[in-house]
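Coordinates as given in model-v3.tsv (TSV, C-alpha atoms and all ligand atoms):
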chain	number	residue	atom	x	y	z
A	1	MET	CA	-24.30	-16.51	15.50
A	2	ARG	CA	-23.71	-20.21	16.16
A	3	LYS	CA	-21.50	-20.34	13.05
A	4	ALA	CA	-19.53	-17.26	14.18
A	5	LEU	CA	-18.90	-18.81	17.59
A	6	LYS	CA	-17.77	-22.03	16.02
A	7	GLN	CA	-15.31	-20.12	13.84
A	8	LEU	CA	-14.01	-18.23	16.85
A	9	LYS	CA	-13.36	-21.52	18.65
A	10	TYR	CA	-11.54	-22.79	15.58
A	11	PHE	CA	-9.33	-19.74	15.45
A	12	SER	CA	-8.51	-19.70	19.15
A	13	SER	CA	-7.51	-23.35	19.04
A	14	THR	CA	-5.24	-22.90	16.02
A	15	MET	CA	-3.77	-19.52	16.94
A	16	ASP	CA	-0.44	-20.98	18.06
A	17	SER	CA	0.12	-22.61	14.70
A	18	TYR	CA	-0.65	-19.43	12.71
A	19	PHE	CA	1.61	-17.17	14.74
A	20	PRO	CA	4.98	-18.29	13.34
A	21	ILE	CA	3.61	-17.94	9.82
A	22	ILE	CA	2.30	-14.44	10.20
A	23	SER	CA	5.37	-13.46	12.21
A	24	THR	CA	7.64	-14.60	9.37
A	25	ILE	CA	5.55	-12.74	6.81
A	26	ILE	CA	5.47	-9.51	8.82
A	27	LYS	CA	9.18	-9.53	9.57
A	28	ASN	CA	10.18	-10.37	6.00
A	29	ARG	CA	8.04	-7.76	4.27
A	30	ARG	CA	10.44	-5.24	2.78
A	31	ASN	CA	9.98	-2.09	0.76
A	32	ILE	CA	11.61	-3.15	-2.49
A	33	LYS	CA	12.31	-0.42	-5.01
A	34	PRO	CA	10.70	-1.02	-8.42
A	35	VAL	CA	14.13	-0.91	-10.10
A	36	MET	CA	15.00	-4.05	-8.12
A	37	MET	CA	12.10	-5.90	-9.78
A	38	ASN	CA	12.78	-8.28	-12.64
A	39	GLY	CA	9.97	-7.67	-15.11
A	40	LYS	CA	8.11	-10.94	-14.42
A	41	ARG	CA	4.34	-10.60	-14.57
A	42	ILE	CA	2.06	-11.28	-11.62
A	43	PRO	CA	-1.21	-12.99	-12.60
A	44	ASP	CA	-4.07	-10.48	-12.31
A	45	GLU	CA	-5.90	-12.98	-10.05
A	46	HIS	CA	-3.13	-12.66	-7.48
A	47	VAL	CA	-3.48	-8.89	-7.53
A	48	ASN	CA	-7.22	-9.31	-7.04
A	49	SER	CA	-6.55	-11.60	-4.07
A	50	LEU	CA	-4.40	-8.88	-2.52
A	51	LEU	CA	-7.16	-6.31	-3.01
A	52	GLU	CA	-9.53	-8.70	-1.30
A	53	LEU	CA	-7.18	-8.77	1.71
A	54	ALA	CA	-7.08	-4.98	1.64
A	55	ASP	CA	-10.85	-4.91	1.96
A	56	TRP	CA	-10.59	-6.69	5.33
A	57	ALA	CA	-8.74	-3.80	6.96
A	58	PRO	CA	-10.20	-2.38	10.18
A	59	THR	CA	-12.74	0.35	9.52
A	60	HIS	CA	-14.26	2.72	12.06
A	61	GLY	CA	-17.97	3.12	11.38
A	62	TYR	CA	-17.71	0.84	8.35
A	63	THR	CA	-16.71	3.78	6.18
A	64	GLU	CA	-14.33	1.41	4.29
A	65	PRO	CA	-12.56	4.45	2.81
A	66	TRP	CA	-9.87	2.64	0.78
A	67	ARG	CA	-10.03	2.99	-3.01
A	68	PHE	CA	-7.68	1.49	-5.60
A	69	THR	CA	-6.72	2.42	-9.12
A	70	VAL	CA	-4.94	-0.58	-10.57
A	71	TYR	CA	-2.64	-0.38	-13.57
A	72	ALA	CA	-1.89	-3.75	-15.17
A	73	ASN	CA	0.57	-1.85	-17.38
A	74	PRO	CA	2.87	0.17	-15.06
A	75	ALA	CA	4.27	2.21	-17.98
A	76	GLU	CA	0.87	3.78	-18.52
A	77	PHE	CA	0.90	5.19	-15.02
A	78	CYS	CA	4.60	6.10	-14.99
A	79	HIS	CA	4.41	8.10	-18.22
A	80	GLN	CA	1.41	9.95	-16.84
A	81	HIS	CA	3.26	10.54	-13.56
A	82	ALA	CA	6.23	12.03	-15.42
A	83	GLU	CA	3.93	14.24	-17.52
A	84	LEU	CA	2.20	15.52	-14.39
A	85	TYR	CA	5.64	16.43	-13.03
A	86	LYS	CA	6.50	18.30	-16.24
A	87	GLN	CA	3.18	20.12	-16.48
A	88	ASN	CA	3.24	21.24	-12.85
A	89	THR	CA	6.87	22.28	-12.49
A	90	ALA	CA	8.14	25.73	-13.39
A	91	PRO	CA	10.66	25.52	-16.27
A	92	ASN	CA	13.50	26.74	-14.01
A	93	ASP	CA	12.79	24.00	-11.45
A	94	PHE	CA	12.30	21.20	-13.96
A	95	VAL	CA	14.94	18.47	-13.73
A	96	GLU	CA	15.21	16.16	-16.73
A	97	GLY	CA	16.62	13.39	-14.50
A	98	ILE	CA	13.56	13.43	-12.24
A	99	TYR	CA	11.30	13.28	-15.28
A	100	GLY	CA	13.27	10.30	-16.57
A	101	ASN	CA	13.20	8.52	-13.21
A	102	LEU	CA	9.43	8.89	-12.93
A	103	TYR	CA	8.94	7.89	-16.57
A	104	ASN	CA	11.00	4.72	-16.16
A	105	GLN	CA	10.15	3.90	-12.53
A	106	GLY	CA	7.87	1.00	-13.37
A	107	ASN	CA	9.86	-0.56	-16.20
A	108	GLU	CA	10.55	-3.72	-14.23
A	109	ALA	CA	7.33	-3.79	-12.18
A	110	SER	CA	4.24	-5.83	-12.94
A	111	HIS	CA	1.38	-3.77	-11.51
A	112	VAL	CA	0.88	-0.36	-9.97
A	113	ILE	CA	-1.86	0.41	-7.47
A	114	LEU	CA	-2.70	3.95	-6.47
A	115	VAL	CA	-4.39	3.95	-3.09
A	116	ASN	CA	-6.56	6.75	-1.89
A	117	MET	CA	-8.76	7.46	1.07
A	118	LYS	CA	-12.23	8.48	0.02
A	119	ARG	CA	-13.64	10.72	2.71
A	120	GLY	CA	-16.98	9.43	3.90
A	121	ASN	CA	-19.93	11.43	5.13
A	122	LEU	CA	-19.91	10.31	8.76
A	123	PRO	CA	-18.71	13.47	10.51
A	124	LYS	CA	-18.10	11.58	13.79
A	125	ILE	CA	-15.27	9.67	12.07
A	126	PRO	CA	-12.30	12.05	11.83
A	127	ALA	CA	-10.44	12.15	8.50
A	128	ILE	CA	-7.26	10.90	10.18
A	129	GLU	CA	-9.05	7.67	11.09
A	130	GLU	CA	-10.01	7.15	7.48
A	131	ILE	CA	-6.38	7.65	6.49
A	132	GLU	CA	-5.35	5.17	9.20
A	133	ALA	CA	-7.83	2.61	7.92
A	134	THR	CA	-6.52	3.09	4.38
A	135	SER	CA	-2.96	2.55	5.62
A	136	CYS	CA	-4.11	-0.71	7.22
A	137	ALA	CA	-5.53	-1.74	3.84
A	138	ILE	CA	-2.14	-1.01	2.27
A	139	GLN	CA	-0.37	-3.10	4.90
A	140	ASN	CA	-2.72	-5.99	4.15
A	141	ILE	CA	-1.67	-5.80	0.49
A	142	LEU	CA	2.02	-5.69	1.38
A	143	LEU	CA	1.77	-8.65	3.74
A	144	GLY	CA	-0.31	-10.68	1.31
A	145	ALA	CA	2.24	-9.92	-1.39
A	146	THR	CA	5.07	-11.09	0.83
A	147	ALA	CA	3.19	-14.32	1.48
A	148	LEU	CA	2.88	-14.84	-2.29
A	149	GLY	CA	6.57	-14.12	-2.91
A	150	ILE	CA	5.69	-10.81	-4.55
A	151	ALA	CA	7.95	-7.81	-4.03
A	152	SER	CA	6.18	-4.60	-3.05
A	153	TYR	CA	7.02	-0.94	-2.74
A	154	TRP	CA	5.00	1.81	-1.01
A	155	GLY	CA	5.93	5.25	-2.27
A	156	THR	CA	4.71	8.79	-1.78
A	157	GLY	CA	7.38	10.62	-3.78
A	158	GLY	CA	7.19	12.54	-7.04
A	159	MET	CA	3.70	13.88	-7.71
A	160	ILE	CA	1.90	11.15	-5.74
A	161	GLN	CA	0.63	13.41	-2.96
A	162	LYS	CA	0.37	16.58	-5.02
A	163	GLN	CA	-2.87	18.31	-5.98
A	164	ALA	CA	-2.19	17.53	-9.66
A	165	MET	CA	-2.38	13.80	-8.92
A	166	LYS	CA	-5.61	14.29	-6.97
A	167	ASP	CA	-7.05	16.14	-9.94
A	168	PHE	CA	-5.86	13.41	-12.30
A	169	LEU	CA	-7.61	10.80	-10.15
A	170	GLN	CA	-10.66	13.08	-9.89
A	171	LEU	CA	-10.57	12.98	-6.10
A	172	GLY	CA	-12.58	15.23	-3.83
A	173	GLU	CA	-11.01	17.98	-1.74
A	174	ASP	CA	-11.15	15.92	1.45
A	175	ASP	CA	-9.86	12.71	-0.12
A	176	HIS	CA	-6.23	11.77	0.41
A	177	ILE	CA	-3.73	9.81	-1.64
A	178	ALA	CA	-2.09	7.33	0.74
A	179	GLY	CA	0.53	6.26	-1.76
A	180	VAL	CA	1.40	4.22	-4.76
A	181	ILE	CA	2.21	0.53	-4.54
A	182	TYR	CA	4.49	-1.08	-7.09
A	183	LEU	CA	4.24	-4.87	-7.29
A	184	GLY	CA	6.52	-7.29	-9.09
A	185	TYR	CA	9.03	-10.03	-8.51
A	186	ALA	CA	12.59	-9.47	-7.35
A	187	ASP	CA	15.64	-11.73	-7.46
A	188	GLU	CA	17.11	-10.22	-4.30
A	189	HIS	CA	15.51	-9.54	-0.97
A	190	PRO	CA	17.03	-6.68	1.07
A	191	ALA	CA	17.67	-7.18	4.78
A	192	GLY	CA	15.42	-5.34	7.19
A	193	ASN	CA	16.62	-2.66	9.56
A	194	ARG	CA	15.18	-0.84	12.56
A	195	THR	CA	17.12	2.01	14.12
A	196	VAL	CA	15.27	2.71	17.38
A	197	PRO	CA	15.32	-0.16	19.89
A	198	LEU	CA	11.86	-1.60	20.47
A	199	GLU	CA	12.16	-1.04	24.23
A	200	GLU	CA	12.32	2.70	23.59
A	201	LYS	CA	8.97	2.56	21.84
A	202	ILE	CA	7.12	0.72	24.58
A	203	ARG	CA	5.94	1.73	28.01
A	204	TRP	CA	4.49	-1.20	29.93
A	205	ILE	CA	2.13	-0.38	32.79
A	206	LYS	CA	1.67	-3.33	35.18
B	301	LIG	C1	3.48	6.49	4.53
B	301	LIG	C2	4.74	5.92	3.92
B	301	LIG	C3	5.29	6.53	2.82
B	301	LIG	C4	6.45	6.01	2.24
B	301	LIG	N1	6.98	6.63	1.14
B	301	LIG	C5	8.14	6.16	0.61
B	301	LIG	C6	8.73	6.80	-0.52
B	301	LIG	O1	8.22	7.77	-1.06
B	301	LIG	N2	9.87	6.28	-1.00
B	301	LIG	C7	10.47	5.19	-0.44
B	301	LIG	O2	11.54	4.78	-0.92
B	301	LIG	N3	9.92	4.54	0.61
B	301	LIG	C8	8.77	5.00	1.15
B	301	LIG	N4	8.19	4.35	2.20
B	301	LIG	C9	8.76	3.08	2.66
B	301	LIG	C10	9.84	3.27	3.68
B	301	LIG	O3	10.97	3.87	3.09
B	301	LIG	C11	10.21	1.90	4.26
B	301	LIG	O4	9.09	1.36	4.89
B	301	LIG	C12	11.36	2.02	5.24
B	301	LIG	O5	12.56	2.28	4.55
B	301	LIG	C13	11.57	0.77	6.06
B	301	LIG	O6	11.85	-0.33	5.24
B	301	LIG	P1	10.96	-1.66	5.28
B	301	LIG	O7	9.56	-1.23	4.95
B	301	LIG	O8	11.56	-2.53	4.24
B	301	LIG	O9	11.09	-2.23	6.65
B	301	LIG	C14	7.05	4.86	2.80
B	301	LIG	C15	6.47	4.24	3.92
B	301	LIG	C16	5.33	4.78	4.48
B	301	LIG	C17	4.73	4.11	5.70
So that I can check it, write out the structure of this file as structure tokens.
Ligand SMILES: Cc1cc2nc3c(=O)[nH]c(=O)nc-3n(C[C@H](O)[C@H](O)[C@H](O)COP(=O)(O)O)c2cc1C
Amino acid sequence: MRKALKQLKYFSSTMDSYFPIISTIIKNRRNIKPVMMNGKRIPDEHVNSLLELADWAPTHGYTEPWRFTVYANPAEFCHQHAELYKQNTAPNDFVEGIYGNLYNQGNEASHVILVNMKRGNLPKIPAIEEIEATSCAIQNILLGATALGIASYWGTGGMIQKQAMKDFLQLGEDDHIAGVIYLGYADEHPAGNRTVPLEEKIRWIK
């Protein structure tokens, strides 16, 4: 308890100096498409450090519902992703270009992380809250990556949120795939953009 209080005092006295750092990281995080990555490898230890940050996401009832499947070889996942698309698409709807895009999506990435919410057994915690907590875990990864100069991409396209992917990952009926994260390095950093003015999103009550 004494140690916790001491830490709290430390953080409150240094808060001002951390704010510009975290502000810069948050504002500079960008969703960077895997094709923009340059093929350079991220050390596995850095990926592990990002997963450690993910584990510090807020969690209602300590359900800690975030789960990660990490591919150190993105091609292994991408080829599987493309196959799932082929196997689960009627021949008339199948588009060779989509197959090719999924197959090659990770060619220039370093790691791929599939993130899912594993539904806990605390009925008082609604499933949406476990999805929210998992999204916070993802944001921790993206921000940590930005701080390490790693480009990141959060995607939900292709087969990511389809039943076939859930089956592939052997997830339960109530589990949810929050997305796939591609990590790598990029030579260019896209500019950020917000379309709705912040004032329109805020209602201050004083
Ligand atoms: C739940 C969720 C799912 C997303 N899925 C995709 C996706 O499938 N493809 C994609 O290009 N971007 C996806 N994004 C990223 C957004 O496109 C991106 O955040 C948005 O363009 C704003 O850009 P920024 O993140 O660089 O500020 C997703 C973001 C969220 C929160």
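For ligand LIG 301 (chain B), the neighbouring polymer residues at 6 Å or closer are Arg30, Asn31, Trp154, Gly155, Thr156, Gly157 and Gly192 of chain A, all atoms listed in the file being used.
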Excluding stretch 57-62 of chain A and any residue of its chain fewer than 4 positions from it, enumerate the residues within 6 Å of it, using only C-alpha atoms, and give them as a PDB file with C-alpha atoms, in the frame of the given file.
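result.pdb written:
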ATOM      1  CA  ALA A 133      -7.830   2.610   7.920  1.00  0.00           C
ATOM      2  CA  CYS A 136      -4.110  -0.710   7.220  1.00  0.00           C
ATOM      3  CA  ALA A 137      -5.530  -1.740   3.840  1.00  0.00           C
TER       4      ALA A 137
END
*Quick one: residues within 12 Å of A:Leu142, all atoms listed in the file counted, chain neighbours fewer than 2 positions away excluded, as a PyMOL selection string?*
chain A and resi 25-32+47+49-51+53-54+113+135-140+144-154+180-184
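Using all atoms listed in the file, the nearest neighbour of A:Thr134 within the list A:Asn107, A:Gln161, A:Thr63, A:Thr24 is A:Thr63.
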*Looking at only C-alpha atoms, which of A:Val70, A:Ala90, A:Leu198, A:Ala127 is the one that sits closest to A:Asp174?*
A:Ala127
*Tell me, in Å to one decimal, how far atom CA of A:Glu64 is from atom CA of A:Lys118.*
8.5 Å
*Between A:Pro43, A:Gly100, A:Gly106, A:Gly172, which one has atoms that come closest to A:Asn73, using all atoms listed in the file?*
A:Gly106
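Of the residues under consideration (A:Asp55, A:Glu129, A:Glu200, A:Glu108), A:Glu108 shows the shortest atom-to-atom contact distance to A:Lys33 when counting only C-alpha atoms.
Between atom CA of A:Asn121 and atom CA of A:Ile177 the separation is 17.6 Å.
In this model, the gap between atom CA of A:Ala82 and atom CA of A:Asn38 comes to 21.5 Å.
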Applying 7 Å and all atoms listed in the file, which residues near A:Arg67 remain after dropping the ones on its own chain fewer than 2 positions away? List them as an mmCIF file with C-alpha atoms, keeping the file's coordinate frame.
data_model
loop_
_atom_site.group_PDB
_atom_site.id
_atom_site.type_symbol
_atom_site.label_atom_id
_atom_site.label_comp_id
_atom_site.auth_asym_id
_atom_site.auth_seq_id
_atom_site.Cartn_x
_atom_site.Cartn_y
_atom_site.Cartn_z
ATOM 1 C CA PRO A 65 -12.560 4.450 2.810
ATOM 2 C CA THR A 69 -6.720 2.420 -9.120
ATOM 3 C CA VAL A 115 -4.390 3.950 -3.090
ATOM 4 C CA ASN A 116 -6.560 6.750 -1.890
ATOM 5 C CA MET A 117 -8.760 7.460 1.070
ATOM 6 C CA LYS A 118 -12.230 8.480 0.020
#
Draw an axis-aligned box tight on the listed atoms of stretch 94-103 of chain A, then pad every side by 3 Å and write out centre and edge lengths in Å to one decimal as AutoDock Vina command-line options.
--center_x 12.8 --center_y 14.5 --center_z -14.5 --size_x 13.7 --size_y 19.3 --size_z 10.5
_Protein and nucleic acid residues near (3.3, 12.1, -12.1) (cut-off 7 Å, all atoms listed in the file) as a VMD selection string_ = chain A and resid 78 80 to 85 102 158 to 160 165
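With only C-alpha atoms as the atoms that count, the residue of A:Tyr99, A:Leu122, A:Met37, A:Phe68 with the shortest distance to A:Gly179 is A:Phe68.
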*Kindly indicate which residue among A:His79, A:His189, A:His176, A:His46 lies nearest to A:Gln163, using only C-alpha atoms for the distances.*
A:His176
Output stretch 143-155 of chain A with N, CA and C atoms present, as a CSV table (one decimal), in the frame of the given file.
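So the final result, stored in out23.csv, reads:
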chain,number,residue,atom,x,y,z
A,143,LEU,N,1.6,-7.4,3.1
A,143,LEU,CA,1.8,-8.6,3.7
A,143,LEU,C,1.3,-9.8,2.9
A,144,GLY,N,0.2,-9.6,2.2
A,144,GLY,CA,-0.3,-10.7,1.3
A,144,GLY,C,0.7,-10.9,0.2
A,145,ALA,N,1.2,-9.8,-0.3
A,145,ALA,CA,2.2,-9.9,-1.4
A,145,ALA,C,3.4,-10.7,-0.9
A,146,THR,N,3.9,-10.4,0.3
A,146,THR,CA,5.1,-11.1,0.8
A,146,THR,C,4.8,-12.6,0.9
A,147,ALA,N,3.6,-12.9,1.4
A,147,ALA,CA,3.2,-14.3,1.5
A,147,ALA,C,3.2,-15.0,0.1
A,148,LEU,N,2.9,-14.3,-0.9
A,148,LEU,CA,2.9,-14.8,-2.3
A,148,LEU,C,4.2,-14.7,-3.0
A,149,GLY,N,5.3,-14.3,-2.3
A,149,GLY,CA,6.6,-14.1,-2.9
A,149,GLY,C,6.7,-13.0,-3.9
A,150,ILE,N,5.7,-12.0,-3.7
A,150,ILE,CA,5.7,-10.8,-4.6
A,150,ILE,C,6.4,-9.7,-3.8
A,151,ALA,N,7.3,-9.0,-4.6
A,151,ALA,CA,8.0,-7.8,-4.0
A,151,ALA,C,7.0,-6.6,-4.1
A,152,SER,N,7.1,-5.8,-3.1
A,152,SER,CA,6.2,-4.6,-3.0
A,152,SER,C,6.9,-3.4,-2.6
A,153,TYR,N,6.4,-2.2,-3.1
A,153,TYR,CA,7.0,-0.9,-2.7
A,153,TYR,C,5.9,0.0,-2.5
A,154,TRP,N,6.0,0.8,-1.3
A,154,TRP,CA,5.0,1.8,-1.0
A,154,TRP,C,5.7,3.1,-1.2
A,155,GLY,N,5.3,4.0,-2.1
A,155,GLY,CA,5.9,5.2,-2.3
A,155,GLY,C,5.0,6.4,-2.2
